[in-house]
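Okay, start.pdb now, which holds PDB, C-alpha atoms and all ligand atoms:
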```pdb
MODEL        1
ATOM      1  CA  MET E 237       0.000   0.000   0.000
ATOM      2  CA  PHE E 238       2.769   2.389   1.029
ATOM      3  CA  GLU E 239       4.781   1.469  -2.086
ATOM      4  CA  GLU E 240       1.685   1.951  -4.248
ATOM      5  CA  ASN E 241       1.105   5.444  -2.840
ATOM      6  CA  LYS E 242       4.767   6.293  -3.226
ATOM      7  CA  THR E 243       4.708   5.355  -6.894
ATOM      8  CA  ALA E 244       1.437   7.214  -7.520
ATOM      9  CA  ASN E 245       2.769  10.314  -5.759
ATOM     10  CA  GLU E 246       6.011  10.187  -7.703
ATOM     11  CA  TYR E 247       4.095   9.856 -10.970
ATOM     12  CA  LEU E 248       1.978  12.868 -10.021
ATOM     13  CA  GLU E 249       5.072  14.902  -9.141
ATOM     14  CA  ILE E 250       6.650  14.048 -12.499
ATOM     15  CA  GLN E 251       3.489  15.080 -14.335
ATOM     16  CA  LEU E 252       3.457  18.408 -12.471
ATOM     17  CA  LEU E 253       7.132  18.952 -13.210
ATOM     18  CA  LEU E 254       6.555  18.338 -16.947
ATOM     19  CA  GLU E 255       3.527  20.650 -16.848
ATOM     20  CA  ALA E 256       5.679  23.370 -15.239
ATOM     21  CA  ILE E 257       8.351  22.927 -17.940
ATOM     22  CA  TYR E 258       5.725  23.211 -20.667
ATOM     23  CA  ARG E 259       4.020  26.285 -19.184
ATOM     24  CA  LYS E 260       7.201  28.131 -18.337
ATOM     25  CA  TYR E 261       9.436  27.219 -21.310
ATOM     26  CA  GLY E 262       7.088  25.817 -23.983
ATOM     27  CA  TYR E 263       8.901  22.463 -24.266
ATOM     28  CA  ASP E 264       6.364  19.660 -24.195
ATOM     29  CA  PHE E 265       7.602  16.409 -22.670
ATOM     30  CA  ARG E 266       4.159  15.448 -21.369
ATOM     31  CA  GLU E 267       3.734  12.794 -24.044
ATOM     32  CA  TYR E 268       7.217  11.350 -24.024
ATOM     33  CA  SER E 269       7.530   7.730 -22.974
ATOM     34  CA  VAL E 270       7.084   7.530 -19.183
ATOM     35  CA  ALA E 271       9.939   5.059 -18.700
ATOM     36  CA  HIS E 272      12.396   7.218 -20.647
ATOM     37  CA  THR E 273      11.383  10.464 -18.934
ATOM     38  CA  ARG E 274      11.488   8.941 -15.465
ATOM     39  CA  ARG E 275      14.928   7.442 -16.094
ATOM     40  CA  ARG E 276      16.388  10.753 -17.234
ATOM     41  CA  LEU E 277      14.798  12.794 -14.434
ATOM     42  CA  GLU E 278      15.897  10.232 -11.858
ATOM     43  CA  TYR E 279      19.488  10.590 -13.097
ATOM     44  CA  ARG E 280      19.405  14.389 -12.626
ATOM     45  CA  ARG E 281      17.564  14.167  -9.289
ATOM     46  CA  ALA E 282      20.188  11.809  -7.878
ATOM     47  CA  ARG E 283      23.080  13.918  -9.199
ATOM     48  CA  GLU E 284      21.647  17.068  -7.635
ATOM     49  CA  GLY E 285      21.004  15.262  -4.324
ATOM     50  CA  MET E 286      17.315  16.154  -4.384
ATOM     51  CA  THR E 287      14.868  14.018  -2.455
ATOM     52  CA  ASN E 288      11.847  14.453  -4.736
ATOM     53  CA  TYR E 289      10.571  15.884  -8.033
ATOM     54  CA  SER E 290       8.670  18.707  -6.347
ATOM     55  CA  SER E 291      11.959  20.335  -5.332
ATOM     56  CA  MET E 292      13.120  19.832  -8.894
ATOM     57  CA  GLN E 293       9.994  21.625 -10.096
ATOM     58  CA  HIS E 294      10.806  24.604  -7.862
ATOM     59  CA  LYS E 295      14.366  24.753  -9.198
ATOM     60  CA  VAL E 296      13.193  24.482 -12.807
ATOM     61  CA  ILE E 297      10.741  27.350 -12.401
ATOM     62  CA  HIS E 298      13.220  29.668 -10.706
ATOM     63  CA  GLU E 299      16.508  28.762 -12.401
ATOM     64  CA  PRO E 300      16.501  28.832 -16.224
ATOM     65  CA  ALA E 301      20.074  27.483 -16.234
ATOM     66  CA  PHE E 302      18.842  24.367 -14.428
ATOM     67  CA  PHE E 303      16.138  23.968 -17.043
ATOM     68  CA  GLU E 304      18.812  24.107 -19.798
ATOM     69  CA  GLN E 305      20.600  21.251 -18.039
ATOM     70  CA  LEU E 306      17.384  19.261 -17.766
ATOM     71  CA  LEU E 307      16.670  19.843 -21.444
ATOM     72  CA  LEU E 308      19.990  18.232 -22.302
ATOM     73  CA  ASP E 309      19.173  15.326 -19.970
ATOM     74  CA  LEU E 310      15.772  14.762 -21.550
ATOM     75  CA  SER E 311      16.912  14.938 -25.148
ATOM     76  CA  ILE E 312      19.288  12.130 -25.950
ATOM     77  CA  ASN E 313      21.643  13.447 -28.615
ATOM     78  CA  VAL E 314      23.605  10.314 -29.482
ATOM     79  CA  THR E 315      24.364  10.240 -33.199
ATOM     80  CA  GLU E 316      27.071   9.361 -35.743
ATOM     81  CA  MET E 317      27.947  10.030 -39.347
ATOM     82  CA  PHE E 318      26.634   7.203 -41.531
ATOM     83  CA  ARG E 319      25.000   5.604 -38.479
ATOM     84  CA  ASP E 320      23.757   2.159 -39.599
ATOM     85  CA  PRO E 321      25.784   2.122 -42.845
ATOM     86  CA  TRP E 322      23.464  -0.470 -44.450
ATOM     87  CA  PHE E 323      20.648   2.065 -44.109
ATOM     88  CA  TYR E 324      22.548   4.621 -46.200
ATOM     89  CA  GLN E 325      23.293   1.993 -48.846
ATOM     90  CA  LYS E 326      19.576   1.313 -49.150
ATOM     91  CA  VAL E 327      18.704   5.007 -49.397
ATOM     92  CA  ARG E 328      21.162   5.318 -52.269
ATOM     93  CA  GLU E 329      19.855   2.184 -53.942
ATOM     94  CA  LEU E 330      16.076   2.570 -53.433
ATOM     95  CA  VAL E 331      15.363   6.264 -52.861
ATOM     96  CA  PHE E 332      17.907   8.163 -54.966
ATOM     97  CA  PRO E 333      16.620   6.865 -58.343
ATOM     98  CA  HIS E 334      13.238   8.459 -57.509
ATOM     99  CA  LEU E 335      14.753  11.716 -56.288
ATOM    100  CA  GLN E 336      16.699  11.903 -59.536
ATOM    101  CA  THR E 337      13.434  12.285 -61.447
ATOM    102  CA  TYR E 338      12.725  15.683 -59.833
ATOM    103  CA  PRO E 339      14.315  18.944 -61.024
ATOM    104  CA  PHE E 340      14.602  20.120 -57.405
ATOM    105  CA  VAL E 341      14.492  18.092 -54.210
ATOM    106  CA  LYS E 342      13.731  18.970 -50.577
ATOM    107  CA  VAL E 343      14.883  16.816 -47.677
ATOM    108  CA  TRP E 344      14.018  17.308 -44.000
ATOM    109  CA  HIS E 345      16.126  15.905 -41.167
ATOM    110  CA  ALA E 346      13.825  16.146 -38.128
ATOM    111  CA  GLY E 347      15.705  15.687 -34.848
ATOM    112  CA  CYS E 348      19.077  16.221 -36.506
ATOM    113  CA  SER E 349      21.065  16.422 -33.241
ATOM    114  CA  ALA E 350      24.616  17.734 -33.827
ATOM    115  CA  GLY E 351      24.359  17.437 -37.620
ATOM    116  CA  GLN E 352      26.159  14.178 -38.413
ATOM    117  CA  GLU E 353      23.101  12.710 -40.165
ATOM    118  CA  VAL E 354      22.519  15.706 -42.440
ATOM    119  CA  TYR E 355      26.224  15.937 -43.367
ATOM    120  CA  SER E 356      26.179  12.227 -44.245
ATOM    121  CA  MET E 357      23.260  12.887 -46.567
ATOM    122  CA  ALA E 358      24.987  15.928 -48.092
ATOM    123  CA  ILE E 359      28.017  13.731 -48.851
ATOM    124  CA  MET E 360      25.846  11.071 -50.493
ATOM    125  CA  LEU E 361      24.116  13.727 -52.592
ATOM    126  CA  GLU E 362      27.483  15.192 -53.585
ATOM    127  CA  GLU E 363      28.669  11.773 -54.712
ATOM    128  CA  ALA E 364      25.456  11.229 -56.702
ATOM    129  CA  LEU E 365      25.886  14.696 -58.300
ATOM    130  CA  MET E 366      22.598  15.795 -56.744
ATOM    131  CA  ARG E 367      23.698  18.171 -53.998
ATOM    132  CA  GLU E 368      23.387  21.331 -56.102
ATOM    133  CA  ARG E 369      19.697  20.739 -56.725
ATOM    134  CA  THR E 370      18.767  19.561 -53.250
ATOM    135  CA  GLN E 371      17.753  21.763 -50.331
ATOM    136  CA  LEU E 372      18.329  20.131 -46.951
ATOM    137  CA  TYR E 373      16.467  21.294 -43.837
ATOM    138  CA  ALA E 374      17.927  20.208 -40.511
ATOM    139  CA  THR E 375      15.789  20.808 -37.427
ATOM    140  CA  ASP E 376      15.916  20.039 -33.743
ATOM    141  CA  PHE E 377      14.112  21.475 -30.714
ATOM    142  CA  ASN E 378      17.340  21.862 -28.797
ATOM    143  CA  GLU E 379      18.961  25.109 -29.932
ATOM    144  CA  ALA E 380      22.294  24.372 -28.236
ATOM    145  CA  ILE E 381      22.678  21.141 -30.227
ATOM    146  CA  LEU E 382      21.535  22.943 -33.389
ATOM    147  CA  GLU E 383      24.384  25.407 -32.923
ATOM    148  CA  LYS E 384      26.809  22.480 -32.827
ATOM    149  CA  ALA E 385      25.207  21.133 -35.985
ATOM    150  CA  LYS E 386      25.750  24.449 -37.783
ATOM    151  CA  ASN E 387      29.387  24.532 -36.731
ATOM    152  CA  GLY E 388      30.045  20.959 -37.898
ATOM    153  CA  ILE E 389      33.073  20.486 -35.650
ATOM    154  CA  TYR E 390      33.634  16.973 -34.329
ATOM    155  CA  PRO E 391      36.342  15.416 -32.142
ATOM    156  CA  MET E 392      39.015  13.509 -34.055
ATOM    157  CA  ASP E 393      38.570  10.369 -31.970
ATOM    158  CA  VAL E 394      34.977   9.814 -33.148
ATOM    159  CA  VAL E 395      35.916  10.426 -36.780
ATOM    160  CA  ARG E 396      37.594   7.002 -36.916
ATOM    161  CA  GLN E 397      34.203   5.404 -36.370
ATOM    162  CA  TYR E 398      32.615   7.769 -38.927
ATOM    163  CA  THR E 399      35.247   6.723 -41.463
ATOM    164  CA  THR E 400      34.525   3.032 -40.888
ATOM    165  CA  ASN E 401      30.811   3.744 -41.305
ATOM    166  CA  TYR E 402      31.376   5.769 -44.477
ATOM    167  CA  GLN E 403      33.359   2.911 -46.040
ATOM    168  CA  ALA E 404      30.733   0.359 -44.979
ATOM    169  CA  ALA E 405      28.086   2.571 -46.601
ATOM    170  CA  ASN E 406      30.082   2.292 -49.864
ATOM    171  CA  GLY E 407      31.267   5.896 -49.854
ATOM    172  CA  ALA E 408      32.820   6.788 -53.205
ATOM    173  CA  THR E 409      36.041   8.444 -52.037
ATOM    174  CA  SER E 410      37.530   9.137 -48.622
ATOM    175  CA  LEU E 411      35.647  10.797 -45.761
ATOM    176  CA  SER E 412      38.656  13.075 -45.236
ATOM    177  CA  ASP E 413      37.779  14.793 -48.544
ATOM    178  CA  TYR E 414      34.857  16.410 -46.706
ATOM    179  CA  TYR E 415      36.547  17.838 -43.633
ATOM    180  CA  THR E 416      39.589  19.812 -42.591
ATOM    181  CA  ALA E 417      41.584  18.437 -39.660
ATOM    182  CA  ASP E 418      42.458  20.914 -36.940
ATOM    183  CA  TYR E 419      44.549  19.456 -34.059
ATOM    184  CA  ASP E 420      42.183  17.140 -32.206
ATOM    185  CA  SER E 421      39.030  17.956 -34.152
ATOM    186  CA  VAL E 422      37.698  18.102 -37.699
ATOM    187  CA  ILE E 423      35.601  20.792 -39.377
ATOM    188  CA  ILE E 424      33.123  19.911 -42.089
ATOM    189  CA  LYS E 425      34.007  21.801 -45.292
ATOM    190  CA  SER E 426      31.828  24.862 -45.882
ATOM    191  CA  GLN E 427      30.952  23.700 -49.406
ATOM    192  CA  LEU E 428      28.972  20.849 -47.840
ATOM    193  CA  LYS E 429      26.995  23.300 -45.679
ATOM    194  CA  GLU E 430      25.842  25.472 -48.592
ATOM    195  CA  LYS E 431      22.539  23.727 -49.171
ATOM    196  CA  ILE E 432      21.656  23.086 -45.539
ATOM    197  CA  LEU E 433      19.283  25.270 -43.573
ATOM    198  CA  PHE E 434      19.399  24.723 -39.802
ATOM    199  CA  SER E 435      16.298  25.741 -37.902
ATOM    200  CA  PRO E 436      14.577  25.119 -34.564
ATOM    201  CA  HIS E 437      11.465  22.978 -34.804
ATOM    202  CA  ASN E 438       9.654  21.103 -32.051
ATOM    203  CA  LEU E 439       7.913  17.956 -33.247
ATOM    204  CA  ALA E 440       5.642  17.961 -30.180
ATOM    205  CA  THR E 441       4.233  21.449 -30.720
ATOM    206  CA  ASP E 442       5.160  22.903 -34.144
ATOM    207  CA  GLY E 443       3.403  22.438 -37.473
ATOM    208  CA  VAL E 444       4.130  21.289 -41.016
ATOM    209  CA  PHE E 445       7.586  22.273 -42.164
ATOM    210  CA  GLY E 446       7.183  22.361 -45.940
ATOM    211  CA  GLU E 447       6.621  20.142 -48.958
ATOM    212  CA  MET E 448       9.284  17.480 -48.745
ATOM    213  CA  HIS E 449      10.398  14.671 -51.048
ATOM    214  CA  LEU E 450      12.187  12.840 -48.260
ATOM    215  CA  ILE E 451      12.032  13.013 -44.475
ATOM    216  CA  PHE E 452      14.543  11.488 -42.068
ATOM    217  CA  CYS E 453      13.362  11.146 -38.492
ATOM    218  CA  ARG E 454      15.634   8.544 -37.026
ATOM    219  CA  ASN E 455      15.968   7.586 -33.377
ATOM    220  CA  VAL E 456      13.687  10.362 -32.146
ATOM    221  CA  LEU E 457      10.261   8.723 -31.944
ATOM    222  CA  ILE E 458      11.444   5.945 -29.628
ATOM    223  CA  TYR E 459      11.246   8.513 -26.822
ATOM    224  CA  PHE E 460       7.615   9.468 -27.582
ATOM    225  CA  ASN E 461       4.416   7.743 -26.441
ATOM    226  CA  ARG E 462       1.884   6.381 -28.957
ATOM    227  CA  GLU E 463      -0.209   9.605 -29.112
ATOM    228  CA  LEU E 464       2.766  11.833 -29.751
ATOM    229  CA  GLN E 465       4.143   9.409 -32.337
ATOM    230  CA  ASN E 466       0.814   9.598 -34.161
ATOM    231  CA  ARG E 467       0.877  13.393 -34.063
ATOM    232  CA  VAL E 468       4.322  13.364 -35.640
ATOM    233  CA  PHE E 469       3.430  10.709 -38.242
ATOM    234  CA  ASN E 470       0.467  12.843 -39.317
ATOM    235  CA  LEU E 471       2.761  15.854 -39.512
ATOM    236  CA  PHE E 472       5.126  13.912 -41.774
ATOM    237  CA  TYR E 473       2.246  12.683 -43.905
ATOM    238  CA  GLU E 474       1.120  16.296 -44.412
ATOM    239  CA  SER E 475       4.684  17.436 -45.117
ATOM    240  CA  LEU E 476       5.420  14.879 -47.858
ATOM    241  CA  VAL E 477       4.624  15.129 -51.553
ATOM    242  CA  PRO E 478       2.667  12.124 -52.894
ATOM    243  CA  GLY E 479       5.297   9.452 -53.499
ATOM    244  CA  GLY E 480       7.622  11.088 -50.927
ATOM    245  CA  PHE E 481       9.798   8.940 -48.639
ATOM    246  CA  LEU E 482       9.979   8.631 -44.857
ATOM    247  CA  CYS E 483      12.966   7.074 -43.094
ATOM    248  CA  LEU E 484      12.769   6.024 -39.442
ATOM    249  CA  GLY E 485      15.296   4.527 -37.033
ATOM    250  CA  SER E 486      15.826   0.764 -36.905
ATOM    251  CA  LYS E 487      13.734   0.402 -33.708
ATOM    252  CA  GLU E 488      10.884   2.582 -35.008
ATOM    253  CA  SER E 489       7.946   1.651 -37.200
ATOM    254  CA  LEU E 490       4.852   3.000 -38.920
ATOM    255  CA  ARG E 491       3.104  -0.319 -38.232
ATOM    256  CA  PHE E 492       0.065   0.104 -35.967
ATOM    257  CA  SER E 493       0.170   3.891 -36.407
ATOM    258  CA  ASP E 494      -2.768   6.028 -37.613
ATOM    259  CA  VAL E 495      -1.148   6.555 -41.018
ATOM    260  CA  ALA E 496       0.077   2.975 -41.646
ATOM    261  CA  SER E 497      -2.367   2.414 -44.536
ATOM    262  CA  LYS E 498      -1.320   5.654 -46.242
ATOM    263  CA  PHE E 499       2.272   4.497 -46.739
ATOM    264  CA  GLU E 500       3.836   1.546 -48.493
ATOM    265  CA  LEU E 501       6.795  -0.274 -47.039
ATOM    266  CA  VAL E 502       9.907   0.136 -49.191
ATOM    267  CA  SER E 503      12.388  -1.647 -46.964
ATOM    268  CA  GLU E 504      11.556  -3.436 -43.695
ATOM    269  CA  ARG E 505      14.978  -3.617 -42.047
ATOM    270  CA  GLU E 506      15.912  -0.052 -42.967
ATOM    271  CA  LYS E 507      12.457   1.323 -42.055
ATOM    272  CA  ILE E 508      11.983   3.172 -45.331
ATOM    273  CA  TYR E 509       8.379   4.068 -46.243
ATOM    274  CA  ARG E 510       6.741   5.817 -49.182
ATOM    275  CA  LYS E 511       3.615   7.955 -49.092
ATOM    276  CA  LYS E 512       0.972   6.429 -51.371
ATOM    277  CA  ARG E 513      -0.050   8.594 -54.294
ATOM    278  CA  GLU E 514      -3.788   8.079 -53.905
ATOM    279  CA  GLY E 515      -3.748   9.345 -50.270
TER     280      GLY E 515
HETATM  281  C1  LIG E 601      19.133  10.302 -30.536
HETATM  282  S1  LIG E 601      19.113  11.827 -31.430
HETATM  283  C2  LIG E 601      18.966  11.242 -33.082
HETATM  284  C3  LIG E 601      19.847  12.005 -34.042
HETATM  285  C4  LIG E 601      19.845  11.490 -35.470
HETATM  286  N1  LIG E 601      18.547  11.600 -36.070
HETATM  287  C5  LIG E 601      20.358  10.077 -35.543
HETATM  288  O1  LIG E 601      19.560   9.142 -35.746
HETATM  289  O2  LIG E 601      21.553   9.854 -35.379
HETATM  290  C6  LIG E 601      17.495  12.455 -31.052
HETATM  291  C7  LIG E 601      17.331  13.945 -31.354
HETATM  292  O3  LIG E 601      15.945  14.265 -31.320
HETATM  293  C8  LIG E 601      15.801  15.547 -30.758
HETATM  294  N2  LIG E 601      14.435  15.692 -30.246
HETATM  295  C9  LIG E 601      13.857  15.111 -29.163
HETATM  296  N3  LIG E 601      12.598  15.544 -29.003
HETATM  297  C10 LIG E 601      12.360  16.412 -30.020
HETATM  298  C11 LIG E 601      11.239  17.197 -30.406
HETATM  299  N4  LIG E 601      10.116  17.179 -29.695
HETATM  300  N5  LIG E 601      11.337  17.981 -31.511
HETATM  301  C12 LIG E 601      12.482  18.014 -32.244
HETATM  302  N6  LIG E 601      13.591  17.304 -31.917
HETATM  303  C13 LIG E 601      13.528  16.511 -30.824
HETATM  304  C14 LIG E 601      16.861  15.589 -29.664
HETATM  305  O4  LIG E 601      17.207  16.913 -29.296
HETATM  306  C15 LIG E 601      18.011  14.842 -30.324
HETATM  307  O5  LIG E 601      18.899  15.718 -30.960
ENDMDL
END
```

Before we go any further, please render this structure as structure tokens.
Amino acid sequence: MFEENKTANEYLEIQLLLEAIYRKYGYDFREYSVAHTRRRLEYRRAREGMTNYSSMQHKVIHEPAFFEQLLLDLSINVTEMFRDPWFYQKVRELVFPHLQTYPFVKVWHAGCSAGQEVYSMAIMLEEALMRERTQLYATDFNEAILEKAKNGIYPMDVVRQYTTNYQAANGATSLSDYYTADYDSVIIKSQLKEKILFSPHNLATDGVFGEMHLIFCRNVLIYFNRELQNRVFNLFYESLVPGGFLCLGSKESLRFSDVASKFELVSEREKIYRKKREG
């Protein structure tokens, strides 16, 4: 009984904390997966030596710097260049031939984190001689991480993994052709940034972003509950041209979603979908 009450009270405190974050800062975590949110908040609570989430709520309301920290805790930013190399191979093989039929192409990277995904795509487009006629939009709700994405500066020690991924994705040349090394970091060449527009966009609260031919939203929706996932899937449906493509992360799926019947499956393992033409 005591344990039951404790859990119910803790759940209530978390809901109130998320409500406070939404009302004070406009970031909506109310429909993120409960397990994920609780895990991340618990980590911060323990680190700060706080006994409960109500004291955390007080701190969040009165200390914007603490909120910034919490925002980083709640948004997992793990990413890589050419993450899941086999996925990039499939995009080249199954999606590019369709993109090539358009005079101008628009691609949206929703939840782009520090930019590695969008730079990987820019490299693939460059190698397919399509970069000049493609506009890439890279969005994230976390403006600090978006700033990192714009800068395109990455530590040298992670670039080894990026290079392995690039080769496994059948990159045409050498990854080092696309960056300049500077002591212990690398800077993505400015030429690659020319056709990329970085912009804040919150998938939980913002609207349609534009008319896209291809949308990447990889490893973002795993943190959302079913309702929020459906909101975002509808947003993507509205944002795609008929015949446009949607790419999700390997643990994400359109199956069982509200829009499942409006898309056809292009590749199961790679989670590539295509919006049906007849709606
Ligand atoms: C794990 S990263 C994935 C990065 C990249 N797409 C990849 O697969 O490597 C998840 C990203 O989603 C962003 N994110 C989380 N919730 C979001 C929301 N409501 N709106 C926009 N971006 C969000 C986070 O800030 C983070 O950068």

- Task: Step by step, work through what the PyMOL selection byres (((chain E and resi 374-388) around 7) and not hetatm) selects in the shown file, and finish by giving those residues as a list in words.
- Result: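 In the shown coordinates, the PyMOL selection byres (((chain E and resi 374-388) around 7) and not hetatm) covers Trp344, His345, Ala346, Gly347, Cys348, Ser349, Ala350, Gly351, Val354, Leu372, Tyr373, Ile389, Tyr390, Ile423, Ile424, Ile432, Leu433, Phe434, Ser435, Pro436, His437 and Asn438 of chain E.
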
- Interatomic distance, CA of Ala301 (chain E) to CA of Ile257 (chain E) (Å, one decimal):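 Answer for the CA of Ala301 (chain E) to CA of Ile257 (chain E) separation: 12.7 Å.
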
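Proximity ranking of E:Gly285, E:Gly446, E:Ala256, E:Tyr247 relative to Val270 (chain E) places E:Tyr247 first, based on only C-alpha atoms.
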
- Spell out the residues picked by the PyMOL selection byres (((chain E and resi 500) around 8) and not hetatm) here, as a count of residues only. 10

- Task: Any chance you could resolve the PyMOL selection byres (((chain E and resi 278) around 12) and not hetatm) against this file and give the residues as a ChimeraX atom specification?
- Result: /E:246-247,250,270-277,279-289,292,306,309-310

- Nearest to ligand LIG 601 (chain E): which of E:Asn461, E:Thr243, E:Thr399, E:Thr409 is it, counting all atoms listed in the file? E:Asn461

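Among the candidates E:Arg367, E:Lys429, E:Arg505, E:Lys487, the one nearest to ligand LIG 601 (chain E) when counting all atoms listed in the file is E:Lys487.
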
Incomplete region 490-504 of chain E filled out to N, CA and C atoms as a compact mmCIF listing (two decimals), in the coordinates of the input:
```
# COMPACT_ATOMS: atom_id res chain seq x y z
N LEU E 490 6.16 2.38 -38.62
CA LEU E 490 4.85 3.00 -38.92
C LEU E 490 3.72 2.02 -38.64
N ARG E 491 4.09 0.73 -38.48
CA ARG E 491 3.10 -0.32 -38.23
C ARG E 491 2.27 0.04 -37.02
N PHE E 492 1.01 -0.18 -37.06
CA PHE E 492 0.06 0.10 -35.97
C PHE E 492 -0.17 1.60 -35.74
N SER E 493 0.40 2.45 -36.59
CA SER E 493 0.17 3.89 -36.41
C SER E 493 -1.08 4.30 -37.19
N ASP E 494 -1.56 5.52 -36.93
CA ASP E 494 -2.77 6.03 -37.61
C ASP E 494 -2.60 6.12 -39.13
N VAL E 495 -1.36 6.31 -39.59
CA VAL E 495 -1.15 6.56 -41.02
C VAL E 495 -0.61 5.32 -41.75
N ALA E 496 -0.55 4.17 -41.06
CA ALA E 496 0.08 2.98 -41.65
C ALA E 496 -0.46 2.66 -43.05
N SER E 497 -1.79 2.80 -43.24
CA SER E 497 -2.37 2.41 -44.54
C SER E 497 -2.10 3.45 -45.63
N LYS E 498 -1.57 4.60 -45.25
CA LYS E 498 -1.32 5.65 -46.24
C LYS E 498 0.10 5.61 -46.79
N PHE E 499 0.89 4.65 -46.29
CA PHE E 499 2.27 4.50 -46.74
C PHE E 499 2.49 3.07 -47.23
N GLU E 500 3.42 2.90 -48.16
CA GLU E 500 3.84 1.55 -48.49
C GLU E 500 5.23 1.32 -47.93
N LEU E 501 5.49 0.06 -47.59
CA LEU E 501 6.80 -0.27 -47.04
C LEU E 501 7.78 -0.46 -48.19
N VAL E 502 8.89 0.26 -48.14
CA VAL E 502 9.91 0.14 -49.19
C VAL E 502 10.99 -0.84 -48.74
N SER E 503 11.37 -0.74 -47.48
CA SER E 503 12.39 -1.65 -46.96
C SER E 503 12.19 -1.87 -45.46
N GLU E 504 11.93 -3.10 -45.08
CA GLU E 504 11.56 -3.44 -43.70
C GLU E 504 12.70 -3.16 -42.72
```
